[in-house]
Amino acid sequence: MAGFTYLDHAATTPMRAEAVAAMLPFLTERFANPSGSHRFARATRQAVDEARDVVAEVLGCGPGEVVFTGSGTEADNTAVLGSLAVRPGAVAVCPAAEHHAVLECVHKVDGVVVPTTATGAVDLAALAAALDALDGRPVVVSVMTVNNEVGTVNDIAAVATVVRRHAPKAVLHTDAVQAASWLDLRTITPHVDFLSLSAHKFGGPKGVGVLFARNSVAFRPLLIGGGQERERRSGTHNVAGIVALAEALRLTDVERVDEVARLRHLRDALVDGIIDALPGVRETVGRAHKVAGSAHLCIEGIENEALLYMLDEAAVCASAASACAAGAMEPSHVLAAMGVPTALAVGSLRLTLGHTTTAADVERGVEAVVAAVRRLRRPT
């Protein structure tokens with residue numbers, strides 16, 4: 001990607017060099033299957049166990065509560081559908097701005113979708129009312145920690161208070177896939193029964209994730225047949241991915257405070273530079289409500305499909321919505337949930353920063369966006 005400016009870290013982050021170095025031996029000489037019994041298998045299994053210890057420390061949980069998965073989506077699906085499977089008559093509940101990995105699970109089981117506020121956070125009063133209306137039925141609630149599209153932070157402690165008060169026996173899950181780079185996960189885990197992570201959102205590889213599953217909470221695994229992960233997720237371990245995930249998460253945790261301050265400054269410069277240069281640009285969510293690396297704008301008088309094409313031609317990587325839905329170029333369900341008018345939502349632009357972002361990237365990003373919007377607004 002030499003010569004390109006990368007402002008799409010919410011879609012995926014460049015792998016950290018330390019994570020690449022950590023995984024390489026398990027792609028070459030340390031290739032043994034950790035489910036085996038010989039010495040090489042035992043050594044590989046030890047690497048998985050050590051990675052589990054690292055993840056548990058960052059989450060503030062026990063190592064036995066860490067389940068390695070193939071993705072954040074798998075972790076989300078397992079938490080929601082797996083919890084429903086062991087609770088006859090249970091109802092799934094989530095906000096309208098959830099990631100599709102949760103939202104489609106709730107739709108699939110004819111669950112309850114509650115409104116969000118104008119910032120994209122769950123409407124706590126609406127959540128309480130929905131739980132009351134279920135009149136004591138078993139409930140599985142899923143509320144994401146950080147919105148993947150607009151960067152809004154949900155107050156998971158406040159969510160947990162509502163859930164415990166209005167549905168005391170409910171199971172609570174949070175998709176924290178976008179949270180690891182910005183928030184101390186130890187402050188979130190105590191409030192939930194399940195929590196999902198995905199390595200490629202914080203400098204690890206694609207194809208490996210984590211499900212924190214509280215020991216006291218039952219669920220049915222999606223994958224069966226091998227007995228791995230204490231029979232909670234069968235399938236041969238992706239040892240290289242797991243080791244790299246742990247190293248990337250460890251470094252993210254160590255560097256988080258300094259990185260949040262650095263990237264907040266760069267994000268502010270990015271947004272201010274675009275708004276100062278162009279009329280008709282709206283910051284979708286106020287900065288006090290969102291994570292430091294997220295910039296989301298709605299730009300009047302343009303369509304984001306054309307803008308993204310021009311940015312790509314200018315060697316700037318950006319997006320309009322979740323990378324999982326980017327190919328369809330459909331109206332954003334997140335912006336619709338927030339009440340953003342369609343005429344404005346079609347001009348949405350998501351610019352997200354991460355551990356490799358520099359001041360030069362921000363300067364180039366401002367320059368490219370301003371030039372592209374001016375060109376698109378030019379009378380034909």
# chains A, B, ... in the order shown; residues from 1 in each chain; ligands from 1
>>> select_by_dssp(residues="range 72-296 of chain A", states="helix (DSSP H, G or I)", output="PyMOL selection string")
chain A and resi 72-85+100-108+124-133+156-166+185-187+189-191+199-201+228-231+239-277+287-289
>>> closest_atom_pairs(of="range 62-176 of chain A", to="range 346-352 of chain A", cutoff="12 Å", atoms="only C-alpha atoms", output="CSV")
residue,atom,partner,partner_atom,distance
A:Asn148,CA,A:Arg350,CA,9.9
A:Glu149,CA,A:Arg350,CA,7.1
A:Val150,CA,A:Arg350,CA,7.4
A:Gly151,CA,A:Thr352,CA,9.1
>>> residues_around(residues="range 83-86 of chain A", least_positions_apart="2", cutoff="12 Å", atoms="only C-alpha atoms", output="ChimeraX atom specification")
/A:75-81,88-93,105-106,108-111,137-142,170-173,193-194,213-214,217-222
>>> write_last_selection(atoms="C-alpha atoms", output="mmCIF file, in the first residue's frame")
data_model
loop_
_atom_site.group_PDB
_atom_site.id
_atom_site.type_symbol
_atom_site.label_atom_id
_atom_site.label_comp_id
_atom_site.auth_asym_id
_atom_site.auth_seq_id
_atom_site.Cartn_x
_atom_site.Cartn_y
_atom_site.Cartn_z
ATOM 1 C CA ALA A 75 -18.447 -14.777 18.777
ATOM 2 C CA ASP A 76 -21.549 -12.585 18.387
ATOM 3 C CA ASN A 77 -23.600 -15.399 16.851
ATOM 4 C CA THR A 78 -22.525 -17.813 19.573
ATOM 5 C CA ALA A 79 -23.433 -15.424 22.377
ATOM 6 C CA VAL A 80 -26.884 -14.593 21.019
ATOM 7 C CA LEU A 81 -28.031 -17.830 19.346
ATOM 8 C CA PRO A 88 -36.734 -22.202 26.059
ATOM 9 C CA GLY A 89 -39.045 -19.360 25.128
ATOM 10 C CA ALA A 90 -36.325 -16.740 25.454
ATOM 11 C CA VAL A 91 -36.522 -13.488 23.463
ATOM 12 C CA ALA A 92 -33.532 -11.721 21.911
ATOM 13 C CA VAL A 93 -33.362 -7.928 22.285
ATOM 14 C CA CYS A 105 -29.540 -12.999 14.722
ATOM 15 C CA VAL A 106 -32.291 -11.037 16.479
ATOM 16 C CA LYS A 108 -33.870 -14.445 12.564
ATOM 17 C CA VAL A 109 -35.532 -15.401 15.849
ATOM 18 C CA ASP A 110 -38.220 -12.679 15.617
ATOM 19 C CA GLY A 111 -36.711 -10.789 18.506
ATOM 20 C CA ARG A 137 -39.957 -14.080 29.792
ATOM 21 C CA PRO A 138 -36.302 -15.196 29.532
ATOM 22 C CA VAL A 139 -34.301 -12.563 27.675
ATOM 23 C CA VAL A 140 -30.976 -12.322 25.844
ATOM 24 C CA VAL A 141 -29.890 -8.691 25.433
ATOM 25 C CA SER A 142 -27.045 -7.566 23.164
ATOM 26 C CA ALA A 170 -31.494 -11.869 31.472
ATOM 27 C CA VAL A 171 -28.229 -12.720 29.740
ATOM 28 C CA LEU A 172 -26.277 -9.639 28.603
ATOM 29 C CA HIS A 173 -23.823 -9.634 25.680
ATOM 30 C CA ASP A 193 -22.095 -12.251 30.608
ATOM 31 C CA PHE A 194 -20.573 -12.368 27.117
ATOM 32 C CA ALA A 213 -18.171 -16.322 28.376
ATOM 33 C CA ARG A 214 -18.828 -16.043 32.097
ATOM 34 C CA VAL A 217 -23.738 -18.676 32.185
ATOM 35 C CA ALA A 218 -24.732 -21.583 29.929
ATOM 36 C CA PHE A 219 -24.873 -21.536 26.132
ATOM 37 C CA ARG A 220 -24.932 -24.045 23.296
ATOM 38 C CA PRO A 221 -21.880 -23.936 21.010
ATOM 39 C CA LEU A 222 -22.380 -23.342 17.309
#
>>> residues_around(residues="range 360-373 of chain A", least_positions_apart="6", cutoff="12 Å", atoms="only C-alpha atoms", output="number ranges by chain")
A: 3-8, 263-281, 293, 295, 297-319, 347-354, 379
>>> atom_distance(atom1="CA of Asp132 in chain A", atom2="CA of Val153 in chain A")
24.5 Å
>>> atom_distance(atom1="CA of Ala199 in chain A", atom2="CA of Val122 in chain A")
25.3 Å
>>> atom_distance(atom1="CA of Thr152 in chain A", atom2="CA of Leu131 in chain A")
22.9 Å
>>> closest_residue(among="A:Ala359, A:Leu185, A:Leu344, A:Ala240", to="Arg30 in chain A", atoms="only C-alpha atoms")
A:Ala240
